[in-house]
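Structure record follows, encoded as C-alpha coordinates.
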Amino acid sequence: MSRVGGGPQQRIVAGTLSQLGKQDPSIFGQPLHSLIIVGTRLHPLEVDFAESFAIDGTWRRVARDVYKVLDE
(Lines give C-alpha, C1' and ligand atoms only; values in the text may rest on other atoms or scores of the structure.)
Protein backbone atom coordinates (compact mmCIF):
# COMPACT_ATOMS: atom_id res chain seq x y z
CA MET A 1 0.00 0.00 0.00
CA SER A 2 1.46 3.34 -0.84
CA ARG A 3 0.97 7.00 -1.53
CA VAL A 4 3.00 7.52 -4.67
CA GLY A 5 3.93 10.91 -5.99
CA GLY A 6 7.37 11.73 -4.74
CA GLY A 7 8.42 14.29 -2.27
CA PRO A 8 8.19 14.14 1.50
CA GLN A 9 4.56 12.93 1.47
CA GLN A 10 5.30 9.71 -0.39
CA ARG A 11 4.86 6.57 1.73
CA ILE A 12 5.33 2.90 1.03
CA VAL A 13 3.94 0.29 3.41
CA ALA A 14 4.32 -3.45 2.76
CA GLY A 15 2.45 -6.30 4.38
CA THR A 16 -0.20 -8.92 3.94
CA LEU A 17 -3.79 -7.79 3.39
CA SER A 18 -4.55 -8.86 6.95
CA GLN A 19 -1.68 -6.75 8.31
CA LEU A 20 -2.61 -3.72 6.20
CA GLY A 21 -6.24 -3.94 7.30
CA LYS A 22 -5.24 -3.75 10.97
CA GLN A 23 -3.17 -0.57 10.61
CA ASP A 24 -4.25 2.87 11.71
CA PRO A 25 -5.23 4.76 8.53
CA SER A 26 -2.68 7.48 9.31
CA ILE A 27 0.14 5.06 8.42
CA PHE A 28 -0.87 5.31 4.75
CA GLY A 29 -0.89 9.10 4.49
CA GLN A 30 -3.36 11.18 2.53
CA PRO A 31 -5.11 9.84 -0.63
CA LEU A 32 -4.51 8.99 -3.49
CA HIS A 33 -3.30 5.46 -2.70
CA SER A 34 -1.98 2.62 -4.82
CA LEU A 35 -2.40 -1.03 -3.86
CA ILE A 36 -0.03 -3.54 -5.41
CA ILE A 37 -1.02 -7.20 -5.20
CA VAL A 38 1.81 -9.65 -5.70
CA GLY A 39 1.26 -12.39 -8.27
CA THR A 40 2.11 -16.05 -7.91
CA ARG A 41 5.85 -15.53 -8.37
CA LEU A 42 8.18 -13.21 -6.53
CA HIS A 43 11.83 -12.44 -7.28
CA PRO A 44 14.33 -12.33 -4.38
CA LEU A 45 15.10 -8.66 -5.20
CA GLU A 46 11.40 -7.84 -4.83
CA VAL A 47 11.42 -9.54 -1.43
CA ASP A 48 14.41 -7.44 -0.34
CA PHE A 49 12.80 -4.21 -1.55
CA ALA A 50 9.42 -4.84 0.05
CA GLU A 51 11.02 -6.01 3.28
CA SER A 52 12.51 -2.54 3.81
CA PHE A 53 8.93 -1.16 3.99
CA ALA A 54 7.34 -4.08 5.86
CA ILE A 55 5.01 -3.47 8.79
CA ASP A 56 6.82 -6.12 10.81
CA GLY A 57 9.43 -8.84 10.42
CA THR A 58 7.16 -11.47 8.87
CA TRP A 59 7.59 -10.40 5.23
CA ARG A 60 10.55 -12.71 4.52
CA ARG A 61 8.70 -15.66 6.10
CA VAL A 62 5.66 -14.95 3.93
CA ALA A 63 7.89 -14.76 0.85
CA ARG A 64 9.45 -18.11 1.74
CA ASP A 65 6.30 -19.97 2.83
CA VAL A 66 3.73 -18.58 0.38
CA TYR A 67 5.80 -17.65 -2.67
CA LYS A 68 8.59 -20.23 -2.21
CA VAL A 69 11.33 -17.61 -2.51
CA LEU A 70 14.56 -18.99 -1.08
CA ASP A 71 16.97 -16.80 0.87
CA GLU A 72 20.10 -16.18 -1.12
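In the C-alpha coordinates, chains take letters A, B, ... by order of appearance, with residues numbered from 1 within each chain and ligands from 1 in the order shown.
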
Segment 41-53 of chain A: which residues within 7 Å, counting only C-alpha atoms, same-chain residues fewer than 6 positions away excluded, as JSON, numbers by chain?
-> {"A": [12, 13, 14, 59, 60, 63, 67, 69]}

Store the residues picked out above, limited to N, CA and C atoms, as an mmCIF file, in the first residue's frame.
data_model
loop_
_atom_site.group_PDB
_atom_site.id
_atom_site.type_symbol
_atom_site.label_atom_id
_atom_site.label_comp_id
_atom_site.auth_asym_id
_atom_site.auth_seq_id
_atom_site.Cartn_x
_atom_site.Cartn_y
_atom_site.Cartn_z
ATOM 1 N N ILE A 12 5.469 4.275 1.498
ATOM 2 C CA ILE A 12 5.330 2.900 1.031
ATOM 3 C C ILE A 12 5.209 2.027 2.267
ATOM 4 N N VAL A 13 4.177 1.201 2.296
ATOM 5 C CA VAL A 13 3.939 0.287 3.412
ATOM 6 C C VAL A 13 3.715 -1.094 2.818
ATOM 7 N N ALA A 14 4.447 -2.092 3.281
ATOM 8 C CA ALA A 14 4.321 -3.450 2.760
ATOM 9 C C ALA A 14 3.820 -4.384 3.848
ATOM 10 N N TRP A 59 7.620 -10.445 6.694
ATOM 11 C CA TRP A 59 7.587 -10.404 5.229
ATOM 12 C C TRP A 59 8.458 -11.493 4.605
ATOM 13 N N ARG A 60 9.662 -11.687 5.096
ATOM 14 C CA ARG A 60 10.554 -12.705 4.521
ATOM 15 C C ARG A 60 9.971 -14.108 4.719
ATOM 16 N N ALA A 63 7.279 -14.538 2.159
ATOM 17 C CA ALA A 63 7.890 -14.760 0.848
ATOM 18 C C ALA A 63 8.374 -16.200 0.712
ATOM 19 N N TYR A 67 5.325 -17.827 -1.300
ATOM 20 C CA TYR A 67 5.802 -17.648 -2.674
ATOM 21 C C TYR A 67 7.005 -18.518 -2.998
ATOM 22 N N VAL A 69 10.096 -18.320 -2.208
ATOM 23 C CA VAL A 69 11.334 -17.608 -2.508
ATOM 24 C C VAL A 69 12.376 -18.034 -1.487
#

DSSP-assigned strand (DSSP E) members of chain A, reported as a ChimeraX atom specification = /A:2-3,11-12

DSSP on the backbone, then: every residue of chain A marked helix (DSSP H, G or I), written as number ranges by chain.
-> A: 17-21, 25-28, 44-51, 59-65

Quick one: of A:Thr16, A:Val62, A:Thr40, A:Arg11, who's nearest to Phe28 of chain A, counting only C-alpha atoms?
-> A:Arg11
